[in-house]
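Have a look at the structure below before the remarks.
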Amino acid sequence: MNASAAHARPLQAPGTGFQVYRPALPEVCPRDPARMALAADADGRCEIFTWDARTGTTRRVTDSRDGTLHCAVDADARVWWFAEDRSGRGRWYFQDFDGGPAVPGLAGLRPGRPHGLAVSDTGTAAIGLGDGRRTTVHLGPAGGPGRPVLTVDGPALLTGISPTGRLLAVSGPAGSDRAVTLVGCSGGEVAEVARLSGRHGRLWALGFAPGAAVDGELLLVQEANEGYLLASWRPGTGLRSHHWCCFDTEITARWYPAGRRVLVRQDRHGRSTLATADLDRCTLATVPTPPGTLLDAAPHPGDDVHYLWTDTTTPPRLRSTAGTRLPALGGPPAPVPGRHRDLWTPGPDGPVHTLLSHPDPAPGPPPPLVFLVHGGPADHDRDAYDPQVHSLVASGFAVARVNYRGSTGYGPRWHTTYAEGVGLAQVADLVAVRADLLRRGLAREDALGVWGSSWGGYLTLLALGTRPGLWQAGVAVKPVADCAAAYRAGTPALRALDERLFGGTPETVPDRYRRSSPLHYAADVRAPLLVVAASLDAKCPPGQVRSYLTALRTAGIAHESMWLETGHDGYTGADHMAVLRRALDFLDRHLRPVPAAHQAPRFPESGVSGSTGPSGAPGSHDPNSVH
């Protein structure tokens with residue numbers, strides 16, 4: 001049992017009927033698949049609940065002021081959760097599935113940021129914690145004293161423990177020469193998995209085979225020159241690449257409960273597929289799923305596969321290939337209003353893919369159009385339900401979601417192409433799609449806005465500053481506004497990401513940071529701008545946002561600001577609701593034609609907002625992205 005990603009269901013803001021989505025599969029007990037745990041709504045914030053598929057009953061496990069998001073279930077049906085404060089620091093606890101006292105996962109550990117949890121079949125617990133400078137992996141019997149077995153500088157992720165608890169796998173730290181380290185439970189490094197000979201690219205671990213005859217077989221993904229392939233490592237035989245199981249775009253994978261079979265999920269061109277890879281027979285078989293996006297998928301006993309499916313018009317649905325009873329996800333009824341299509345625009349490094357949504361046809365000129373810019377940069381927009389798209393289309397806006405260069409789902413070369421410079425290449429793609437939409441008569445030159453969060457907020461500011469005459473409004477939520485200042489105040493993971501993107505630090509390549517910083521272009525902004533920031537944000541620190549706002553005021557640029565008393569990622573529905581309403585009102589005021597100036601934004605009947613981003617499964621995206 002391994003846990004390193006957030007899991008949540010809709011959030012219900014108290015008294016509003018307003019929901020926020022962070023959907024993911026429930027965690028399942030390896031020995032009793034009917035016992036599950038998940039984060040779900042509790043009066044407008046995420047808390048951990050148990051779910052018994054036999055009876056369809058739930059039990060609330062946690063009650064935190066700011067919510068709880070990370071959870072897992074081990075082989076002994078103990079429910080684990082990470083109790084954190086508003087800064088993101090905390091400890092792992094567990095409790096028996098049916099209730100009882102909350103027990104520290106390992107005794108004697110100081111609070112830290114979660115860098116992975118793994119529990120073996122024998123009850124040995126491994127916990128990765130970060131302190132902002134380094135990552136330490138601790139080991140011990142669940143509930144007993146913990147001892148450090150590995151400390152590395154910078155961010156790293158504990159990605160698995162072998163069934164007997166004799167081996168640990170640690171991926172990272174980002175930007176280092178080490179890809180994956182195997183650690184013996186005696187505390188010494190027993191092996192280091194090298195990159196595949198003659199190939200360039202990253203290597204990351206996905207977990208140990210459960211109950212395998214050979215204890216310690218590790219599943220990995222290798223980023224090759226033009227794609228991604230499965231690899232495995234065994235004690236005594238080392239690393240083996242499975243060249244017959246190669247994909248042209250990003251994949252992630254999970255072991256089946258028995259045998260040497262693996263469930264592979266591929267993200268490709270905004271959609272996804274499932275396949276079963278048999279490592280002994282060297283065969284690959286498709287697992288039938290509806291067209292659209294699989295936000296997550298996991299194999300279970302009896303060849304049952306649980307998956308979370310969606311498309312642009314349909315909110316996420318939990319499904320089981322064996323008909324297993326799963327928790328119901330709330331949300332609006334399908335279908336989402338409007339018309340939805342794909343658009344491909346020629347670009348210098350290949351065609352740029354856009355997911356385009358329009359309101360139902362109406363007489364007159366095209367409606368105002370909003371570029372909804374995804375975060376990351378290692379992420380992509382999907383043929384998946386997006387509550388912001390729903391709200392915008394229901395309010396009469398068209399929406400363009402552009403998978404610019406740097407996005408995942410289009411292969412390694414597209415993911416690493418920044419020919420014009422960091423951020424500038426992405427803005428160039430937004431501008432190219434804008435011109436294409438105008439040529440096709442799908443947008444109006446006088447009613448174009450840009451809206452993004454995190455890295456998407458950064459691109460929003462950069463687009464408004466470097467191409468000031470092309471937009472009529474912008475909304476930047478929790479953005480990077482000064483690349484050098486964000487580097488100095490940010491987390492080690494993000495500093496490593498910046499060094500990789502810029503080719504150095506602000507001290508070694510200052511011109512690159514300056515050229516890509518929205519602050520450098522603040523005085524050139526012409527469109528009305530709304531900036532939303534968080535006072536406890538560690539990924540996009542508040543100081544550099546304040547400097548940007550000061551530059552706007554000094555230059556006399558029209559703008560509004562909104563501050564949240566949260567970190568970068570919030571677990572409460574009220575904050576999401578407040579930002580969505582403020583953004584829609586802002587765009588409505590600045591993009592509507594004069595006759596419709598007093599038309600109020602329309603929300604979905606169920607009032608849905610939030611994100612249907614990637615599940616966070618290791619290997620599905622870059623874990624060090626800003627997002």
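Letters for chains follow the order of the structure tokens (A, B, ...), residue numbers begin at 1 for each chain, and ligand numbers begin at 1 in the order shown.
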
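Those residues that approach Arg488 (chain A) to within 12 Å, counting only C-alpha atoms, are Asp482, Leu494, Arg495, Ala496, Asp498, Glu499, Thr505, Pro506, Glu507, Tyr513, Ala538, Lys539, Cys540, Pro541, Gly543 and Gln544 of chain A; same-chain residues fewer than 6 positions away are not listed.
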
Just the selected residues (all heavy atoms), exported as a short mmCIF file (atom, residue, chain, number, x, y, z; two decimals), in the first residue's frame, please.
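Produced file again-v2.cif, reproduced below:
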```
data_model
loop_
_atom_site.label_atom_id
_atom_site.label_comp_id
_atom_site.auth_asym_id
_atom_site.auth_seq_id
_atom_site.Cartn_x
_atom_site.Cartn_y
_atom_site.Cartn_z
N ASP A 482 7.08 37.27 -10.75
CA ASP A 482 8.50 37.63 -10.85
C ASP A 482 9.27 36.33 -10.72
O ASP A 482 9.37 35.75 -9.64
CB ASP A 482 8.86 38.61 -9.75
CG ASP A 482 10.33 39.03 -9.78
OD1 ASP A 482 11.13 38.37 -10.47
OD2 ASP A 482 10.68 40.01 -9.11
N LEU A 494 10.41 23.48 -6.73
CA LEU A 494 10.18 24.46 -7.78
C LEU A 494 11.47 25.15 -8.20
O LEU A 494 11.63 25.55 -9.35
CB LEU A 494 9.14 25.47 -7.32
CG LEU A 494 7.75 24.86 -7.12
CD1 LEU A 494 6.76 25.90 -6.61
CD2 LEU A 494 7.24 24.24 -8.42
N ARG A 495 12.42 25.30 -7.27
CA ARG A 495 13.72 25.83 -7.67
C ARG A 495 14.40 24.87 -8.64
O ARG A 495 15.02 25.30 -9.62
CB ARG A 495 14.59 26.08 -6.44
CG ARG A 495 14.15 27.29 -5.63
CD ARG A 495 15.25 27.77 -4.71
NE ARG A 495 15.54 26.81 -3.65
CZ ARG A 495 14.91 26.78 -2.48
NH1 ARG A 495 13.92 27.65 -2.24
NH2 ARG A 495 15.23 25.90 -1.55
N ALA A 496 14.30 23.57 -8.37
CA ALA A 496 14.87 22.58 -9.29
C ALA A 496 14.19 22.64 -10.65
O ALA A 496 14.84 22.53 -11.70
CB ALA A 496 14.76 21.18 -8.69
N ASP A 498 12.73 25.32 -11.98
CA ASP A 498 13.18 26.54 -12.64
C ASP A 498 14.58 26.38 -13.24
O ASP A 498 14.85 26.84 -14.35
CB ASP A 498 13.18 27.71 -11.65
CG ASP A 498 11.78 28.22 -11.37
OD1 ASP A 498 10.86 27.89 -12.14
OD2 ASP A 498 11.60 28.94 -10.36
N GLU A 499 15.47 25.75 -12.49
CA GLU A 499 16.83 25.56 -13.00
C GLU A 499 16.82 24.70 -14.27
O GLU A 499 17.61 24.92 -15.18
CB GLU A 499 17.70 24.93 -11.92
CG GLU A 499 18.01 25.87 -10.76
CD GLU A 499 18.72 25.19 -9.62
OE1 GLU A 499 19.31 24.11 -9.85
OE2 GLU A 499 18.67 25.71 -8.48
N THR A 505 20.29 29.32 -12.47
CA THR A 505 19.66 30.11 -11.42
C THR A 505 19.54 31.57 -11.85
O THR A 505 20.15 31.98 -12.86
CB THR A 505 20.48 30.03 -10.13
OG1 THR A 505 21.70 30.75 -10.32
CG2 THR A 505 20.80 28.57 -9.76
N PRO A 506 18.81 32.39 -11.09
CA PRO A 506 18.76 33.82 -11.43
C PRO A 506 20.13 34.49 -11.39
O PRO A 506 20.32 35.52 -12.05
CB PRO A 506 17.82 34.40 -10.36
CG PRO A 506 16.97 33.25 -9.94
CD PRO A 506 17.85 32.04 -10.02
N GLU A 507 21.06 33.93 -10.63
CA GLU A 507 22.40 34.50 -10.58
C GLU A 507 23.23 34.12 -11.80
O GLU A 507 24.06 34.92 -12.26
CB GLU A 507 23.11 34.04 -9.30
CG GLU A 507 22.60 34.68 -8.02
CD GLU A 507 21.20 34.24 -7.65
OE1 GLU A 507 20.88 33.04 -7.84
OE2 GLU A 507 20.41 35.09 -7.17
N TYR A 513 15.66 34.93 -16.76
CA TYR A 513 14.59 35.11 -15.77
C TYR A 513 13.88 36.45 -15.98
O TYR A 513 12.64 36.52 -15.90
CB TYR A 513 15.18 35.04 -14.35
CG TYR A 513 15.42 33.64 -13.85
CD1 TYR A 513 16.56 32.93 -14.24
CD2 TYR A 513 14.52 33.01 -12.99
CE1 TYR A 513 16.80 31.64 -13.78
CE2 TYR A 513 14.74 31.73 -12.53
CZ TYR A 513 15.89 31.05 -12.92
OH TYR A 513 16.11 29.76 -12.47
N ALA A 538 3.17 28.83 -0.82
CA ALA A 538 4.60 28.49 -0.86
C ALA A 538 5.09 28.27 -2.29
O ALA A 538 6.29 28.33 -2.54
CB ALA A 538 4.87 27.25 -0.01
N LYS A 539 4.18 27.97 -3.21
CA LYS A 539 4.58 27.70 -4.59
C LYS A 539 4.68 28.99 -5.41
O LYS A 539 5.59 29.13 -6.24
CB LYS A 539 3.59 26.73 -5.24
CG LYS A 539 3.62 25.32 -4.65
CD LYS A 539 2.69 24.40 -5.42
CE LYS A 539 2.76 22.97 -4.89
NZ LYS A 539 1.85 22.06 -5.62
N CYS A 540 3.74 29.87 -5.24
CA CYS A 540 3.76 31.18 -5.90
C CYS A 540 3.69 32.23 -4.80
O CYS A 540 2.62 32.76 -4.50
CB CYS A 540 2.59 31.30 -6.87
SG CYS A 540 2.61 30.07 -8.21
N PRO A 541 4.84 32.53 -4.17
CA PRO A 541 4.87 33.29 -2.92
C PRO A 541 4.20 34.65 -3.03
O PRO A 541 4.25 35.32 -4.08
CB PRO A 541 6.36 33.42 -2.63
CG PRO A 541 7.00 32.29 -3.37
CD PRO A 541 6.18 32.12 -4.60
N GLY A 543 4.92 37.58 -1.75
CA GLY A 543 5.76 38.76 -1.89
C GLY A 543 5.94 39.19 -3.33
O GLY A 543 5.88 40.40 -3.65
N GLN A 544 6.19 38.25 -4.22
CA GLN A 544 6.41 38.61 -5.62
C GLN A 544 5.12 39.07 -6.28
O GLN A 544 5.15 39.88 -7.22
CB GLN A 544 7.06 37.45 -6.37
CG GLN A 544 6.44 36.09 -6.16
CD GLN A 544 5.50 35.68 -7.28
OE1 GLN A 544 5.76 36.00 -8.43
NE2 GLN A 544 4.42 34.98 -6.94
#
```

Please give the complete set of residues from region 79-228 of chain A that DSSP, run on the backbone, assigns to strand (DSSP E), formatted as a tab-separated table (two decimals) with C-alpha atoms, in the first residue's frame.
```
chain	number	residue	atom	x	y	z
A	79	VAL	CA	-7.19	4.12	7.41
A	80	TRP	CA	-4.29	6.58	7.16
A	81	TRP	CA	-4.50	10.34	6.77
A	82	PHE	CA	-2.11	13.29	6.76
A	83	ALA	CA	-3.12	15.92	9.35
A	84	GLU	CA	-1.57	19.20	8.26
A	90	GLY	CA	1.92	17.83	9.55
A	91	ARG	CA	2.04	14.13	10.48
A	92	TRP	CA	0.53	10.85	9.31
A	93	TYR	CA	-2.01	9.12	11.58
A	94	PHE	CA	-4.04	5.93	11.28
A	95	GLN	CA	-7.16	4.38	12.76
A	96	ASP	CA	-8.88	1.00	12.47
A	103	VAL	CA	-2.45	6.66	16.29
A	104	PRO	CA	0.65	8.46	14.96
A	113	ARG	CA	5.49	18.16	4.33
A	114	PRO	CA	4.22	14.85	2.90
A	115	HIS	CA	6.69	13.17	0.54
A	116	GLY	CA	5.09	9.73	0.42
A	117	LEU	CA	3.67	6.94	2.58
A	118	ALA	CA	4.10	3.18	2.11
A	119	VAL	CA	3.02	0.28	4.34
A	124	THR	CA	6.22	-1.92	8.34
A	125	ALA	CA	5.54	1.75	7.65
A	126	ALA	CA	7.74	4.11	5.65
A	127	ILE	CA	7.07	7.85	5.73
A	128	GLY	CA	8.75	10.53	3.63
A	129	LEU	CA	8.79	14.04	5.09
A	130	GLY	CA	10.32	17.26	3.78
A	134	ARG	CA	15.81	18.05	2.33
A	135	THR	CA	13.71	14.90	2.32
A	136	THR	CA	14.01	12.19	4.96
A	137	VAL	CA	12.48	8.72	4.79
A	138	HIS	CA	11.62	7.17	8.17
A	139	LEU	CA	10.91	3.51	8.84
A	140	GLY	CA	9.38	1.45	11.66
A	141	PRO	CA	6.46	-0.72	12.70
A	147	ARG	CA	14.07	5.87	12.48
A	148	PRO	CA	15.57	7.73	9.52
A	149	VAL	CA	16.95	5.45	6.80
A	150	LEU	CA	17.65	7.97	4.02
A	151	THR	CA	18.08	11.74	3.77
A	152	VAL	CA	18.61	13.55	0.47
A	153	ASP	CA	19.01	17.20	-0.35
A	157	LEU	CA	9.31	11.08	-3.27
A	158	LEU	CA	8.93	7.76	-1.47
A	159	THR	CA	7.25	5.66	-4.15
A	160	GLY	CA	6.99	2.20	-2.61
A	161	ILE	CA	7.90	-0.52	-0.13
A	167	LEU	CA	13.21	-2.61	0.29
A	168	LEU	CA	12.16	1.00	-0.28
A	169	ALA	CA	12.06	2.92	-3.56
A	170	VAL	CA	12.71	6.67	-3.61
A	171	SER	CA	12.39	8.77	-6.77
A	180	VAL	CA	15.53	6.01	-8.47
A	181	THR	CA	17.27	4.79	-5.32
A	182	LEU	CA	16.58	1.44	-3.66
A	183	VAL	CA	17.11	1.43	0.08
A	184	GLY	CA	17.46	-1.62	2.28
A	189	GLU	CA	21.59	1.97	-0.09
A	190	VAL	CA	21.59	-1.44	-1.78
A	191	ALA	CA	21.25	-0.33	-5.38
A	192	GLU	CA	20.79	2.67	-7.58
A	193	VAL	CA	18.73	2.24	-10.73
A	203	LEU	CA	13.21	7.35	-15.00
A	204	TRP	CA	10.67	7.06	-12.21
A	205	ALA	CA	9.31	4.29	-10.01
A	206	LEU	CA	5.66	3.23	-9.79
A	207	GLY	CA	5.75	0.67	-6.98
A	208	PHE	CA	6.69	-2.88	-6.02
A	218	LEU	CA	9.89	-2.74	-8.98
A	219	LEU	CA	7.86	-1.24	-11.84
A	220	LEU	CA	9.22	1.85	-13.58
A	221	VAL	CA	8.61	4.14	-16.54
A	222	GLN	CA	11.49	5.29	-18.75
A	223	GLU	CA	11.26	8.46	-20.80
A	228	TYR	CA	7.78	6.17	-22.82
```

Name all residues at most 10 Å from Gly456 (chain A) (count only C-alpha atoms; drop same-chain ones fewer than 6 positions away) and give them as a PyMOL selection string. chain A and resi 372-377+423+426+450+462+475-480+626-627

DSSP on the backbone: which residues in region 370-482 of chain A end up as alpha helix (DSSP H)? Give the answer as a PyMOL selection string. chain A and resi 387-394+412-415+424-439+455-466

Write the residues you've just listed into a file as a short mmCIF file (atom, residue, chain, number, x, y, z; two decimals), in the first residue's frame, and include N, CA, C and O atoms for each of them.
```
data_model
loop_
_atom_site.label_atom_id
_atom_site.label_comp_id
_atom_site.auth_asym_id
_atom_site.auth_seq_id
_atom_site.Cartn_x
_atom_site.Cartn_y
_atom_site.Cartn_z
N PRO A 387 -15.48 22.26 -14.34
CA PRO A 387 -16.55 23.13 -13.84
C PRO A 387 -16.40 24.59 -14.27
O PRO A 387 -17.39 25.30 -14.40
N GLN A 388 -15.15 25.05 -14.49
CA GLN A 388 -14.99 26.42 -14.98
C GLN A 388 -15.51 26.56 -16.40
O GLN A 388 -16.14 27.56 -16.75
N VAL A 389 -15.27 25.55 -17.23
CA VAL A 389 -15.83 25.55 -18.59
C VAL A 389 -17.35 25.56 -18.51
O VAL A 389 -18.03 26.33 -19.22
N HIS A 390 -17.90 24.71 -17.65
CA HIS A 390 -19.36 24.64 -17.48
C HIS A 390 -19.91 26.01 -17.10
O HIS A 390 -20.88 26.50 -17.71
N SER A 391 -19.29 26.66 -16.12
CA SER A 391 -19.78 27.95 -15.66
C SER A 391 -19.66 29.02 -16.74
O SER A 391 -20.57 29.84 -16.92
N LEU A 392 -18.55 29.03 -17.46
CA LEU A 392 -18.35 30.02 -18.51
C LEU A 392 -19.34 29.82 -19.65
O LEU A 392 -19.98 30.78 -20.11
N VAL A 393 -19.49 28.58 -20.13
CA VAL A 393 -20.41 28.32 -21.24
C VAL A 393 -21.85 28.62 -20.83
O VAL A 393 -22.62 29.21 -21.59
N ALA A 394 -22.23 28.22 -19.61
CA ALA A 394 -23.58 28.51 -19.12
C ALA A 394 -23.82 30.00 -18.98
O ALA A 394 -24.97 30.46 -19.00
N PRO A 412 7.61 13.45 -25.59
CA PRO A 412 8.73 14.12 -24.92
C PRO A 412 9.19 15.40 -25.59
O PRO A 412 9.54 16.36 -24.91
N ARG A 413 9.22 15.42 -26.92
CA ARG A 413 9.74 16.61 -27.60
C ARG A 413 8.83 17.81 -27.36
O ARG A 413 9.30 18.93 -27.08
N TRP A 414 7.52 17.63 -27.45
CA TRP A 414 6.57 18.71 -27.21
C TRP A 414 6.66 19.19 -25.76
O TRP A 414 6.58 20.38 -25.47
N HIS A 415 6.89 18.24 -24.86
CA HIS A 415 6.95 18.54 -23.43
C HIS A 415 8.16 19.40 -23.07
O HIS A 415 8.11 20.17 -22.10
N LEU A 424 7.38 32.42 -22.90
CA LEU A 424 7.20 33.13 -24.17
C LEU A 424 6.77 32.19 -25.29
O LEU A 424 5.96 32.57 -26.15
N ALA A 425 7.29 30.95 -25.28
CA ALA A 425 6.85 29.97 -26.27
C ALA A 425 5.38 29.65 -26.07
O ALA A 425 4.61 29.51 -27.04
N GLN A 426 4.95 29.54 -24.81
CA GLN A 426 3.57 29.22 -24.52
C GLN A 426 2.64 30.36 -24.92
O GLN A 426 1.56 30.14 -25.48
N VAL A 427 3.05 31.59 -24.64
CA VAL A 427 2.25 32.74 -25.06
C VAL A 427 2.15 32.80 -26.58
O VAL A 427 1.09 33.11 -27.14
N ALA A 428 3.23 32.48 -27.28
CA ALA A 428 3.20 32.46 -28.75
C ALA A 428 2.16 31.48 -29.25
O ALA A 428 1.46 31.75 -30.25
N ASP A 429 2.02 30.33 -28.58
CA ASP A 429 0.99 29.36 -28.99
C ASP A 429 -0.42 29.89 -28.73
O ASP A 429 -1.33 29.69 -29.54
N LEU A 430 -0.62 30.57 -27.60
CA LEU A 430 -1.92 31.18 -27.33
C LEU A 430 -2.26 32.21 -28.40
O LEU A 430 -3.39 32.28 -28.90
N VAL A 431 -1.27 33.00 -28.79
CA VAL A 431 -1.49 34.03 -29.81
C VAL A 431 -1.80 33.39 -31.16
O VAL A 431 -2.66 33.87 -31.91
N ALA A 432 -1.12 32.29 -31.49
CA ALA A 432 -1.38 31.60 -32.76
C ALA A 432 -2.80 31.05 -32.80
O ALA A 432 -3.50 31.15 -33.82
N VAL A 433 -3.25 30.48 -31.70
CA VAL A 433 -4.62 29.96 -31.64
C VAL A 433 -5.62 31.11 -31.71
O VAL A 433 -6.66 31.00 -32.38
N ARG A 434 -5.31 32.21 -31.05
CA ARG A 434 -6.19 33.39 -31.14
C ARG A 434 -6.38 33.81 -32.60
O ARG A 434 -7.51 34.05 -33.05
N ALA A 435 -5.28 33.91 -33.34
CA ALA A 435 -5.37 34.32 -34.75
C ALA A 435 -6.17 33.30 -35.56
O ALA A 435 -6.95 33.68 -36.45
N ASP A 436 -5.99 32.02 -35.26
CA ASP A 436 -6.72 30.97 -35.97
C ASP A 436 -8.22 31.08 -35.70
O ASP A 436 -9.05 30.93 -36.62
N LEU A 437 -8.59 31.33 -34.47
CA LEU A 437 -10.01 31.48 -34.13
C LEU A 437 -10.63 32.67 -34.85
O LEU A 437 -11.77 32.60 -35.34
N LEU A 438 -9.88 33.76 -34.94
CA LEU A 438 -10.39 34.93 -35.65
C LEU A 438 -10.54 34.64 -37.14
O LEU A 438 -11.54 35.04 -37.77
N ARG A 439 -9.56 33.96 -37.72
CA ARG A 439 -9.65 33.62 -39.16
C ARG A 439 -10.86 32.76 -39.45
O ARG A 439 -11.49 32.90 -40.50
N TRP A 455 0.67 28.24 -12.78
CA TRP A 455 1.44 28.46 -14.01
C TRP A 455 0.54 29.09 -15.08
O TRP A 455 0.99 29.93 -15.87
N GLY A 456 -0.72 28.71 -15.11
CA GLY A 456 -1.66 29.35 -16.03
C GLY A 456 -1.86 30.82 -15.71
O GLY A 456 -2.03 31.65 -16.61
N GLY A 457 -1.83 31.18 -14.41
CA GLY A 457 -1.89 32.58 -14.03
C GLY A 457 -0.65 33.33 -14.46
O GLY A 457 -0.72 34.51 -14.88
N TYR A 458 0.50 32.66 -14.37
CA TYR A 458 1.76 33.25 -14.86
C TYR A 458 1.66 33.56 -16.35
O TYR A 458 2.00 34.66 -16.80
N LEU A 459 1.16 32.61 -17.14
CA LEU A 459 1.04 32.83 -18.57
C LEU A 459 0.03 33.93 -18.87
O LEU A 459 0.18 34.68 -19.85
N THR A 460 -1.02 34.04 -18.05
CA THR A 460 -1.98 35.12 -18.23
C THR A 460 -1.31 36.47 -18.08
O THR A 460 -1.47 37.37 -18.93
N LEU A 461 -0.53 36.65 -17.01
CA LEU A 461 0.17 37.92 -16.82
C LEU A 461 1.16 38.18 -17.95
O LEU A 461 1.30 39.31 -18.43
N LEU A 462 1.88 37.13 -18.36
CA LEU A 462 2.88 37.30 -19.41
C LEU A 462 2.22 37.65 -20.74
O LEU A 462 2.72 38.49 -21.51
N ALA A 463 1.08 37.03 -21.04
CA ALA A 463 0.36 37.33 -22.29
C ALA A 463 -0.14 38.76 -22.30
O ALA A 463 -0.04 39.47 -23.31
N LEU A 464 -0.68 39.22 -21.16
CA LEU A 464 -1.19 40.58 -21.11
C LEU A 464 -0.07 41.62 -21.20
O LEU A 464 -0.28 42.72 -21.72
N GLY A 465 1.12 41.27 -20.71
CA GLY A 465 2.23 42.22 -20.75
C GLY A 465 3.01 42.21 -22.04
O GLY A 465 3.44 43.27 -22.51
N THR A 466 3.20 41.03 -22.64
CA THR A 466 4.01 40.95 -23.87
C THR A 466 3.19 41.15 -25.13
O THR A 466 3.74 41.54 -26.16
#
```

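Distances here use only C-alpha atoms; by that measure, the residue among A:Glu560, A:Asp278, A:Asp537, A:Glu565 closest to Arg254 (chain A) is A:Asp278.
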
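Of the residues under consideration (A:Pro528, A:Pro316, A:Pro346, A:Pro210), A:Pro210 shows the shortest atom-to-atom contact distance to Pro30 (chain A) when counting only C-alpha atoms.
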
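Shortest separation to Asp588 (chain A) among A:Phe502, A:Phe397, A:Tyr418, A:Tyr548 occurs at residue A:Phe397, atoms counted being only C-alpha atoms.
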
Show me, as a list in words, the residues that have an atom within 7 Å of Ser517 (chain A) when counting only C-alpha atoms, minus same-chain residues fewer than 2 positions from it. Ala481, Asp482, Cys483, Tyr513, Arg514, Arg515, Leu519 and His520 of chain A

Go ahead and save the residues from that selection, with all heavy atoms, as a compact mmCIF listing (two decimals), in the first residue's frame.
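Dumped to again05.txt:
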```txt
# COMPACT_ATOMS: atom_id res chain seq x y z
N ALA A 481 4.66 35.98 -10.74
CA ALA A 481 4.71 37.30 -11.34
C ALA A 481 6.14 37.80 -11.54
O ALA A 481 6.39 38.66 -12.37
CB ALA A 481 3.93 38.31 -10.48
N ASP A 482 7.08 37.27 -10.75
CA ASP A 482 8.50 37.63 -10.85
C ASP A 482 9.27 36.33 -10.72
O ASP A 482 9.37 35.75 -9.64
CB ASP A 482 8.86 38.61 -9.75
CG ASP A 482 10.33 39.03 -9.78
OD1 ASP A 482 11.13 38.37 -10.47
OD2 ASP A 482 10.68 40.01 -9.11
N CYS A 483 9.82 35.83 -11.82
CA CYS A 483 10.43 34.50 -11.84
C CYS A 483 11.61 34.40 -10.87
O CYS A 483 11.77 33.39 -10.19
CB CYS A 483 10.87 34.15 -13.25
SG CYS A 483 9.50 33.98 -14.42
N TYR A 513 15.66 34.93 -16.76
CA TYR A 513 14.59 35.11 -15.77
C TYR A 513 13.88 36.45 -15.98
O TYR A 513 12.64 36.52 -15.90
CB TYR A 513 15.18 35.04 -14.35
CG TYR A 513 15.42 33.64 -13.85
CD1 TYR A 513 16.56 32.93 -14.24
CD2 TYR A 513 14.52 33.01 -12.99
CE1 TYR A 513 16.80 31.64 -13.78
CE2 TYR A 513 14.74 31.73 -12.53
CZ TYR A 513 15.89 31.05 -12.92
OH TYR A 513 16.11 29.76 -12.47
N ARG A 514 14.64 37.48 -16.25
CA ARG A 514 14.04 38.80 -16.44
C ARG A 514 13.15 38.81 -17.67
O ARG A 514 12.03 39.35 -17.65
CB ARG A 514 15.14 39.86 -16.57
CG ARG A 514 14.64 41.29 -16.67
CD ARG A 514 15.83 42.27 -16.60
NE ARG A 514 15.38 43.65 -16.65
CZ ARG A 514 15.24 44.35 -17.76
NH1 ARG A 514 15.51 43.78 -18.94
NH2 ARG A 514 14.84 45.62 -17.73
N ARG A 515 13.62 38.24 -18.75
CA ARG A 515 12.87 38.25 -20.01
C ARG A 515 11.56 37.48 -19.90
O ARG A 515 10.59 37.80 -20.59
CB ARG A 515 13.75 37.66 -21.13
CG ARG A 515 13.13 37.71 -22.51
CD ARG A 515 14.16 37.39 -23.58
NE ARG A 515 13.56 37.33 -24.91
CZ ARG A 515 13.21 36.20 -25.52
NH1 ARG A 515 13.43 35.03 -24.92
NH2 ARG A 515 12.67 36.23 -26.71
N LEU A 519 6.65 40.72 -14.32
CA LEU A 519 6.97 41.99 -13.69
C LEU A 519 7.69 42.94 -14.66
O LEU A 519 7.48 44.16 -14.63
CB LEU A 519 7.85 41.74 -12.45
CG LEU A 519 8.28 42.99 -11.67
CD1 LEU A 519 7.07 43.68 -11.06
CD2 LEU A 519 9.30 42.61 -10.59
N HIS A 520 8.50 42.36 -15.53
CA HIS A 520 9.26 43.16 -16.50
C HIS A 520 8.34 43.89 -17.47
O HIS A 520 8.71 44.93 -18.05
CB HIS A 520 10.22 42.24 -17.26
CG HIS A 520 11.08 42.92 -18.27
ND1 HIS A 520 11.86 44.01 -17.99
CD2 HIS A 520 11.27 42.65 -19.60
CE1 HIS A 520 12.51 44.39 -19.08
NE2 HIS A 520 12.16 43.58 -20.07
```

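One distance worth recording is that between CA of Trp51 (chain A) and CA of Ala37 (chain A), which is 5.8 Å.
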
Need to verify the contact set: Asp63 (chain A), 9 Å, only C-alpha atoms, exclusion of same-chain residues closer than 4 positions in sequence. Can you return it as an NGL selection string? :A and (42 or 47-48 or 67-68)

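The gap separating CA of Ser186 (chain A) from CA of Ala102 (chain A) is 28.1 Å, in Å to one decimal.
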
With distances taken over only C-alpha atoms, the candidate from A:Ser120, A:Thr508, A:Thr310, A:Thr321 nearest Val287 (chain A) is A:Thr321
